[in-house]
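Visitor: Before we start, here is the structure in question, set down as structure tokens.
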Amino acid sequence: MEIVLAVGIGALAGSGVWLILRPRTFQVIIGLSLLSYAVNLFIVAMGRLRTGAPVLVAPETGDASQYADPLPHALVLTAIVISFATTALFLVVLLASRGLAGTDHVDGQEPET
């Protein structure tokens with residue numbers, strides 16, 4: 001399970017970096033989204049991968065090592081909300097820039113062919 005998760009995080013991060021380096025603004029936004037998904041998966045993976053473990057610790061049962069850590073999940077949920085807002089802001093800026101400049105090239109000018 002760890003190998004599949006590591007390969008998935010690597011594929012998302014690699015695709016995100018490749019798209020960020022593209023010359024079109026929409027591709028840059030999609031690349032930022034993929035990179036944020038990779039970081040979120042990495043944070044969840046750092047909180048130990050456990051299936052079927054309860055999140056809440058009952059005081060009478062004691063052993064906290066048998067429970068899932070809720071902190072990475074709370075951090076990722078916050079990051080997801082912030083990334084949605086950031087992506088929406090980027091899309092508005094992209095549409096305004098395209099309307100003003102007439103192109104979606106990151107430099108504002110189409111390359112000469």
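Just so we're on the same page: first chain in the structure tokens is A, next is B, and so on; residues restart at 1 for each chain, and ligands are numbered from 1 in the order they show up.
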Set the distance at 10 Å and use only C-alpha atoms: which residues neighbour A:Leu19 once local chain neighbours fewer than 6 positions away are removed? I'd like the list as a list in words.
Guide: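 That gives Ala13, Thr25, Phe26, Gln27, Val28, Ile29, Ile30, Gly31, Leu32, Ser33, Leu34 and Leu35 of chain A.
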Visitor: With all heavy atoms retained, export the selected residues as a PDB file, in the first residue's frame.
Guide:
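Written out: out_11.pdb:
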ATOM      1  N   ALA A  13       2.969  14.878  -8.258  1.00  0.00           N
ATOM      2  CA  ALA A  13       3.939  15.968  -8.122  1.00  0.00           C
ATOM      3  C   ALA A  13       4.675  16.209  -9.435  1.00  0.00           C
ATOM      4  O   ALA A  13       4.862  17.363  -9.840  1.00  0.00           O
ATOM      5  CB  ALA A  13       4.923  15.655  -7.001  1.00  0.00           C
ATOM      6  N   THR A  25      -1.709  29.802 -19.033  1.00  0.00           N
ATOM      7  CA  THR A  25      -2.103  30.028 -17.650  1.00  0.00           C
ATOM      8  C   THR A  25      -3.037  28.944 -17.116  1.00  0.00           C
ATOM      9  O   THR A  25      -2.957  28.594 -15.940  1.00  0.00           O
ATOM     10  CB  THR A  25      -2.773  31.396 -17.496  1.00  0.00           C
ATOM     11  OG1 THR A  25      -3.837  31.496 -18.426  1.00  0.00           O
ATOM     12  CG2 THR A  25      -1.786  32.508 -17.696  1.00  0.00           C
ATOM     13  N   PHE A  26      -3.930  28.411 -17.953  1.00  0.00           N
ATOM     14  CA  PHE A  26      -4.815  27.349 -17.482  1.00  0.00           C
ATOM     15  C   PHE A  26      -4.022  26.111 -17.093  1.00  0.00           C
ATOM     16  O   PHE A  26      -4.318  25.464 -16.084  1.00  0.00           O
ATOM     17  CB  PHE A  26      -5.858  27.004 -18.554  1.00  0.00           C
ATOM     18  CG  PHE A  26      -6.869  26.004 -18.076  1.00  0.00           C
ATOM     19  CD1 PHE A  26      -7.846  26.365 -17.168  1.00  0.00           C
ATOM     20  CD2 PHE A  26      -6.830  24.698 -18.523  1.00  0.00           C
ATOM     21  CE1 PHE A  26      -8.772  25.451 -16.720  1.00  0.00           C
ATOM     22  CE2 PHE A  26      -7.752  23.772 -18.090  1.00  0.00           C
ATOM     23  CZ  PHE A  26      -8.727  24.149 -17.174  1.00  0.00           C
ATOM     24  N   GLN A  27      -2.988  25.789 -17.867  1.00  0.00           N
ATOM     25  CA  GLN A  27      -2.141  24.646 -17.522  1.00  0.00           C
ATOM     26  C   GLN A  27      -1.398  24.878 -16.215  1.00  0.00           C
ATOM     27  O   GLN A  27      -1.205  23.954 -15.418  1.00  0.00           O
ATOM     28  CB  GLN A  27      -1.155  24.373 -18.657  1.00  0.00           C
ATOM     29  CG  GLN A  27      -1.831  23.925 -19.934  1.00  0.00           C
ATOM     30  CD  GLN A  27      -0.882  23.927 -21.107  1.00  0.00           C
ATOM     31  OE1 GLN A  27       0.132  24.602 -21.106  1.00  0.00           O
ATOM     32  NE2 GLN A  27      -1.242  23.151 -22.127  1.00  0.00           N
ATOM     33  N   VAL A  28      -1.007  26.123 -15.960  1.00  0.00           N
ATOM     34  CA  VAL A  28      -0.321  26.452 -14.708  1.00  0.00           C
ATOM     35  C   VAL A  28      -1.270  26.244 -13.527  1.00  0.00           C
ATOM     36  O   VAL A  28      -0.880  25.698 -12.486  1.00  0.00           O
ATOM     37  CB  VAL A  28       0.204  27.901 -14.750  1.00  0.00           C
ATOM     38  CG1 VAL A  28       0.724  28.329 -13.391  1.00  0.00           C
ATOM     39  CG2 VAL A  28       1.298  28.025 -15.799  1.00  0.00           C
ATOM     40  N   ILE A  29      -2.529  26.651 -13.669  1.00  0.00           N
ATOM     41  CA  ILE A  29      -3.506  26.475 -12.583  1.00  0.00           C
ATOM     42  C   ILE A  29      -3.763  25.002 -12.314  1.00  0.00           C
ATOM     43  O   ILE A  29      -3.817  24.558 -11.158  1.00  0.00           O
ATOM     44  CB  ILE A  29      -4.808  27.224 -12.915  1.00  0.00           C
ATOM     45  CG1 ILE A  29      -4.534  28.731 -12.873  1.00  0.00           C
ATOM     46  CG2 ILE A  29      -5.916  26.852 -11.958  1.00  0.00           C
ATOM     47  CD1 ILE A  29      -5.675  29.565 -13.362  1.00  0.00           C
ATOM     48  N   ILE A  30      -3.908  24.206 -13.357  1.00  0.00           N
ATOM     49  CA  ILE A  30      -4.102  22.763 -13.170  1.00  0.00           C
ATOM     50  C   ILE A  30      -2.859  22.145 -12.527  1.00  0.00           C
ATOM     51  O   ILE A  30      -2.963  21.265 -11.660  1.00  0.00           O
ATOM     52  CB  ILE A  30      -4.421  22.083 -14.523  1.00  0.00           C
ATOM     53  CG1 ILE A  30      -5.732  22.614 -15.089  1.00  0.00           C
ATOM     54  CG2 ILE A  30      -4.500  20.564 -14.377  1.00  0.00           C
ATOM     55  CD1 ILE A  30      -6.937  22.370 -14.220  1.00  0.00           C
ATOM     56  N   GLY A  31      -1.688  22.606 -12.901  1.00  0.00           N
ATOM     57  CA  GLY A  31      -0.458  22.114 -12.286  1.00  0.00           C
ATOM     58  C   GLY A  31      -0.388  22.438 -10.807  1.00  0.00           C
ATOM     59  O   GLY A  31       0.037  21.607 -10.000  1.00  0.00           O
ATOM     60  N   LEU A  32      -0.797  23.647 -10.427  1.00  0.00           N
ATOM     61  CA  LEU A  32      -0.828  24.009  -9.009  1.00  0.00           C
ATOM     62  C   LEU A  32      -1.810  23.125  -8.244  1.00  0.00           C
ATOM     63  O   LEU A  32      -1.535  22.722  -7.102  1.00  0.00           O
ATOM     64  CB  LEU A  32      -1.205  25.479  -8.846  1.00  0.00           C
ATOM     65  CG  LEU A  32      -0.122  26.488  -9.214  1.00  0.00           C
ATOM     66  CD1 LEU A  32      -0.689  27.903  -9.198  1.00  0.00           C
ATOM     67  CD2 LEU A  32       1.047  26.372  -8.269  1.00  0.00           C
ATOM     68  N   SER A  33      -2.950  22.815  -8.855  1.00  0.00           N
ATOM     69  CA  SER A  33      -3.926  21.943  -8.202  1.00  0.00           C
ATOM     70  C   SER A  33      -3.356  20.537  -7.996  1.00  0.00           C
ATOM     71  O   SER A  33      -3.499  19.953  -6.914  1.00  0.00           O
ATOM     72  CB  SER A  33      -5.208  21.864  -9.035  1.00  0.00           C
ATOM     73  OG  SER A  33      -5.827  23.114  -9.097  1.00  0.00           O
ATOM     74  N   LEU A  34      -2.706  19.987  -9.028  1.00  0.00           N
ATOM     75  CA  LEU A  34      -2.119  18.649  -8.897  1.00  0.00           C
ATOM     76  C   LEU A  34      -1.025  18.629  -7.837  1.00  0.00           C
ATOM     77  O   LEU A  34      -0.912  17.673  -7.054  1.00  0.00           O
ATOM     78  CB  LEU A  34      -1.562  18.183 -10.240  1.00  0.00           C
ATOM     79  CG  LEU A  34      -2.573  17.811 -11.311  1.00  0.00           C
ATOM     80  CD1 LEU A  34      -1.857  17.375 -12.582  1.00  0.00           C
ATOM     81  CD2 LEU A  34      -3.487  16.715 -10.830  1.00  0.00           C
ATOM     82  N   LEU A  35      -0.232  19.694  -7.784  1.00  0.00           N
ATOM     83  CA  LEU A  35       0.828  19.762  -6.780  1.00  0.00           C
ATOM     84  C   LEU A  35       0.249  19.843  -5.367  1.00  0.00           C
ATOM     85  O   LEU A  35       0.771  19.222  -4.434  1.00  0.00           O
ATOM     86  CB  LEU A  35       1.724  20.961  -7.062  1.00  0.00           C
ATOM     87  CG  LEU A  35       3.129  20.919  -6.493  1.00  0.00           C
ATOM     88  CD1 LEU A  35       3.863  19.660  -6.911  1.00  0.00           C
ATOM     89  CD2 LEU A  35       3.900  22.146  -6.910  1.00  0.00           C
TER      90      LEU A  35
END
Visitor: If we count only C-alpha atoms, what is near stretch 5-8 of chain A at a cut-off of 10 Å, once residues fewer than 3 positions away on the same chain are taken out, given as a PDB file with all heavy atoms, in the first residue's frame?
Guide:
ATOM      1  N   MET A   1       0.824  -1.191   0.000  1.00  0.00           N
ATOM      2  CA  MET A   1       0.000   0.000   0.000  1.00  0.00           C
ATOM      3  C   MET A   1       0.863   1.247   0.000  1.00  0.00           C
ATOM      4  O   MET A   1       0.529   2.237  -0.645  1.00  0.00           O
ATOM      5  CB  MET A   1      -0.905  -0.007   1.227  1.00  0.00           C
ATOM      6  CG  MET A   1      -1.856   1.148   1.284  1.00  0.00           C
ATOM      7  SD  MET A   1      -3.148   0.802   2.481  1.00  0.00           S
ATOM      8  CE  MET A   1      -3.402   2.395   3.158  1.00  0.00           C
ATOM      9  N   GLU A   2       2.001   1.199   0.712  1.00  0.00           N
ATOM     10  CA  GLU A   2       2.882   2.358   0.762  1.00  0.00           C
ATOM     11  C   GLU A   2       3.522   2.646  -0.588  1.00  0.00           C
ATOM     12  O   GLU A   2       3.692   3.812  -0.957  1.00  0.00           O
ATOM     13  CB  GLU A   2       3.973   2.152   1.823  1.00  0.00           C
ATOM     14  CG  GLU A   2       3.474   2.220   3.238  1.00  0.00           C
ATOM     15  CD  GLU A   2       2.954   0.885   3.731  1.00  0.00           C
ATOM     16  OE1 GLU A   2       3.054  -0.111   2.972  1.00  0.00           O
ATOM     17  OE2 GLU A   2       2.439   0.821   4.855  1.00  0.00           O
ATOM     18  N   ALA A  11       3.744  10.696  -9.082  1.00  0.00           N
ATOM     19  CA  ALA A  11       3.122  10.995 -10.375  1.00  0.00           C
ATOM     20  C   ALA A  11       2.378  12.329 -10.328  1.00  0.00           C
ATOM     21  O   ALA A  11       2.469  13.137 -11.264  1.00  0.00           O
ATOM     22  CB  ALA A  11       2.176   9.866 -10.774  1.00  0.00           C
ATOM     23  N   LEU A  12       1.651  12.572  -9.235  1.00  0.00           N
ATOM     24  CA  LEU A  12       0.935  13.847  -9.114  1.00  0.00           C
ATOM     25  C   LEU A  12       1.907  15.017  -9.037  1.00  0.00           C
ATOM     26  O   LEU A  12       1.703  16.050  -9.689  1.00  0.00           O
ATOM     27  CB  LEU A  12       0.045  13.835  -7.874  1.00  0.00           C
ATOM     28  CG  LEU A  12      -1.273  13.090  -7.988  1.00  0.00           C
ATOM     29  CD1 LEU A  12      -1.962  13.036  -6.632  1.00  0.00           C
ATOM     30  CD2 LEU A  12      -2.178  13.745  -9.003  1.00  0.00           C
ATOM     31  N   ALA A  13       2.969  14.878  -8.258  1.00  0.00           N
ATOM     32  CA  ALA A  13       3.939  15.968  -8.122  1.00  0.00           C
ATOM     33  C   ALA A  13       4.675  16.209  -9.435  1.00  0.00           C
ATOM     34  O   ALA A  13       4.862  17.363  -9.840  1.00  0.00           O
ATOM     35  CB  ALA A  13       4.923  15.655  -7.001  1.00  0.00           C
ATOM     36  N   GLY A  14       5.066  15.140 -10.109  1.00  0.00           N
ATOM     37  CA  GLY A  14       5.755  15.296 -11.392  1.00  0.00           C
ATOM     38  C   GLY A  14       4.882  15.936 -12.446  1.00  0.00           C
ATOM     39  O   GLY A  14       5.321  16.836 -13.182  1.00  0.00           O
ATOM     40  N   ALA A  38      -0.847  16.396  -4.351  1.00  0.00           N
ATOM     41  CA  ALA A  38       0.310  15.579  -3.972  1.00  0.00           C
ATOM     42  C   ALA A  38       0.772  15.908  -2.551  1.00  0.00           C
ATOM     43  O   ALA A  38       1.071  15.014  -1.764  1.00  0.00           O
ATOM     44  CB  ALA A  38       1.447  15.788  -4.964  1.00  0.00           C
ATOM     45  N   LEU A  41      -1.757  14.437  -0.022  1.00  0.00           N
ATOM     46  CA  LEU A  41      -1.560  12.994   0.152  1.00  0.00           C
ATOM     47  C   LEU A  41      -0.316  12.695   0.964  1.00  0.00           C
ATOM     48  O   LEU A  41      -0.295  11.777   1.792  1.00  0.00           O
ATOM     49  CB  LEU A  41      -1.471  12.301  -1.209  1.00  0.00           C
ATOM     50  CG  LEU A  41      -2.784  12.028  -1.910  1.00  0.00           C
ATOM     51  CD1 LEU A  41      -2.527  11.434  -3.294  1.00  0.00           C
ATOM     52  CD2 LEU A  41      -3.624  11.066  -1.100  1.00  0.00           C
ATOM     53  N   PHE A  42       0.734  13.491   0.752  1.00  0.00           N
ATOM     54  CA  PHE A  42       1.974  13.310   1.513  1.00  0.00           C
ATOM     55  C   PHE A  42       1.728  13.568   3.000  1.00  0.00           C
ATOM     56  O   PHE A  42       2.203  12.815   3.854  1.00  0.00           O
ATOM     57  CB  PHE A  42       3.054  14.239   0.965  1.00  0.00           C
ATOM     58  CG  PHE A  42       4.354  14.146   1.703  1.00  0.00           C
ATOM     59  CD1 PHE A  42       5.183  13.057   1.529  1.00  0.00           C
ATOM     60  CD2 PHE A  42       4.744  15.146   2.570  1.00  0.00           C
ATOM     61  CE1 PHE A  42       6.378  12.958   2.217  1.00  0.00           C
ATOM     62  CE2 PHE A  42       5.932  15.062   3.258  1.00  0.00           C
ATOM     63  CZ  PHE A  42       6.753  13.963   3.079  1.00  0.00           C
ATOM     64  N   ALA A  45      -0.142  10.693   4.463  1.00  0.00           N
ATOM     65  CA  ALA A  45       0.735   9.525   4.593  1.00  0.00           C
ATOM     66  C   ALA A  45       1.690   9.664   5.771  1.00  0.00           C
ATOM     67  O   ALA A  45       2.073   8.666   6.386  1.00  0.00           O
ATOM     68  CB  ALA A  45       1.520   9.328   3.294  1.00  0.00           C
ATOM     69  N   LEU A  49      -0.293   5.281   7.877  1.00  0.00           N
ATOM     70  CA  LEU A  49      -1.337   4.671   7.063  1.00  0.00           C
ATOM     71  C   LEU A  49      -1.938   3.516   7.845  1.00  0.00           C
ATOM     72  O   LEU A  49      -1.284   2.501   8.093  1.00  0.00           O
ATOM     73  CB  LEU A  49      -0.767   4.173   5.730  1.00  0.00           C
ATOM     74  CG  LEU A  49      -0.234   5.247   4.804  1.00  0.00           C
ATOM     75  CD1 LEU A  49       0.399   4.607   3.574  1.00  0.00           C
ATOM     76  CD2 LEU A  49      -1.334   6.188   4.395  1.00  0.00           C
TER      77      LEU A  49
END
Visitor: What parts of stretch 2-112 of chain A does DSSP call alpha helix (DSSP H)? I'd like the answer as JSON, numbers by chain.
Guide: {"A": [2, 3, 4, 5, 6, 7, 8, 9, 10, 11, 12, 13, 14, 15, 16, 17, 18, 19, 20, 25, 26, 27, 28, 29, 30, 31, 32, 33, 34, 35, 36, 37, 38, 39, 40, 41, 42, 43, 44, 45, 46, 70, 71, 72, 73, 74, 75, 76, 77, 78, 79, 80, 81, 82, 83, 84, 85, 86, 87, 88, 89, 90, 91, 92, 93, 94, 95, 96, 97, 98, 99, 100, 101]}
Visitor: When you look at A:Pro72 with a cut-off of 8 Å (counting only C-alpha atoms), what residues show up, excluding the ones that are within fewer than 3 positions of it in the same chain? I need them as a PDB file with all heavy atoms, in the first residue's frame.
Guide:
ATOM      1  N   ILE A  43       0.970  14.619   3.310  1.00  0.00           N
ATOM      2  CA  ILE A  43       0.694  14.933   4.718  1.00  0.00           C
ATOM      3  C   ILE A  43      -0.122  13.815   5.366  1.00  0.00           C
ATOM      4  O   ILE A  43       0.159  13.408   6.498  1.00  0.00           O
ATOM      5  CB  ILE A  43      -0.029  16.287   4.824  1.00  0.00           C
ATOM      6  CG1 ILE A  43       0.931  17.419   4.458  1.00  0.00           C
ATOM      7  CG2 ILE A  43      -0.573  16.509   6.222  1.00  0.00           C
ATOM      8  CD1 ILE A  43       0.264  18.762   4.343  1.00  0.00           C
ATOM      9  N   VAL A  44      -1.115  13.294   4.660  1.00  0.00           N
ATOM     10  CA  VAL A  44      -1.910  12.184   5.207  1.00  0.00           C
ATOM     11  C   VAL A  44      -1.037  10.944   5.403  1.00  0.00           C
ATOM     12  O   VAL A  44      -1.156  10.241   6.416  1.00  0.00           O
ATOM     13  CB  VAL A  44      -3.108  11.874   4.290  1.00  0.00           C
ATOM     14  CG1 VAL A  44      -3.764  10.562   4.668  1.00  0.00           C
ATOM     15  CG2 VAL A  44      -4.135  12.992   4.393  1.00  0.00           C
ATOM     16  N   MET A  46       2.090  10.871   6.100  1.00  0.00           N
ATOM     17  CA  MET A  46       2.992  11.068   7.225  1.00  0.00           C
ATOM     18  C   MET A  46       2.295  10.839   8.564  1.00  0.00           C
ATOM     19  O   MET A  46       2.957  10.653   9.586  1.00  0.00           O
ATOM     20  CB  MET A  46       3.579  12.480   7.203  1.00  0.00           C
ATOM     21  CG  MET A  46       4.541  12.713   6.072  1.00  0.00           C
ATOM     22  SD  MET A  46       5.963  11.607   6.179  1.00  0.00           S
ATOM     23  CE  MET A  46       5.597  10.400   4.948  1.00  0.00           C
ATOM     24  N   GLY A  47       0.961  10.828   8.575  1.00  0.00           N
ATOM     25  CA  GLY A  47       0.215  10.555   9.801  1.00  0.00           C
ATOM     26  C   GLY A  47      -0.019   9.078  10.029  1.00  0.00           C
ATOM     27  O   GLY A  47      -0.911   8.715  10.771  1.00  0.00           O
ATOM     28  N   ASP A  69      -4.221   9.084  13.847  1.00  0.00           N
ATOM     29  CA  ASP A  69      -3.909  10.451  14.238  1.00  0.00           C
ATOM     30  C   ASP A  69      -4.824  11.410  13.462  1.00  0.00           C
ATOM     31  O   ASP A  69      -4.751  11.463  12.237  1.00  0.00           O
ATOM     32  CB  ASP A  69      -2.446  10.743  13.934  1.00  0.00           C
ATOM     33  CG  ASP A  69      -1.998  12.085  14.484  1.00  0.00           C
ATOM     34  OD1 ASP A  69      -2.761  12.689  15.260  1.00  0.00           O
ATOM     35  OD2 ASP A  69      -0.881  12.502  14.158  1.00  0.00           O
ATOM     36  N   LEU A  75      -5.478  18.990   9.096  1.00  0.00           N
ATOM     37  CA  LEU A  75      -4.637  19.887   8.305  1.00  0.00           C
ATOM     38  C   LEU A  75      -4.984  19.805   6.823  1.00  0.00           C
ATOM     39  O   LEU A  75      -5.056  20.815   6.122  1.00  0.00           O
ATOM     40  CB  LEU A  75      -3.161  19.555   8.518  1.00  0.00           C
ATOM     41  CG  LEU A  75      -2.576  19.887   9.881  1.00  0.00           C
ATOM     42  CD1 LEU A  75      -1.167  19.354   9.994  1.00  0.00           C
ATOM     43  CD2 LEU A  75      -2.595  21.385  10.102  1.00  0.00           C
ATOM     44  N   VAL A  76      -5.204  18.588   6.329  1.00  0.00           N
ATOM     45  CA  VAL A  76      -5.516  18.410   4.914  1.00  0.00           C
ATOM     46  C   VAL A  76      -6.889  18.992   4.579  1.00  0.00           C
ATOM     47  O   VAL A  76      -7.065  19.606   3.521  1.00  0.00           O
ATOM     48  CB  VAL A  76      -5.417  16.922   4.526  1.00  0.00           C
ATOM     49  CG1 VAL A  76      -6.021  16.653   3.166  1.00  0.00           C
ATOM     50  CG2 VAL A  76      -3.961  16.493   4.546  1.00  0.00           C
TER      51      VAL A  76
END
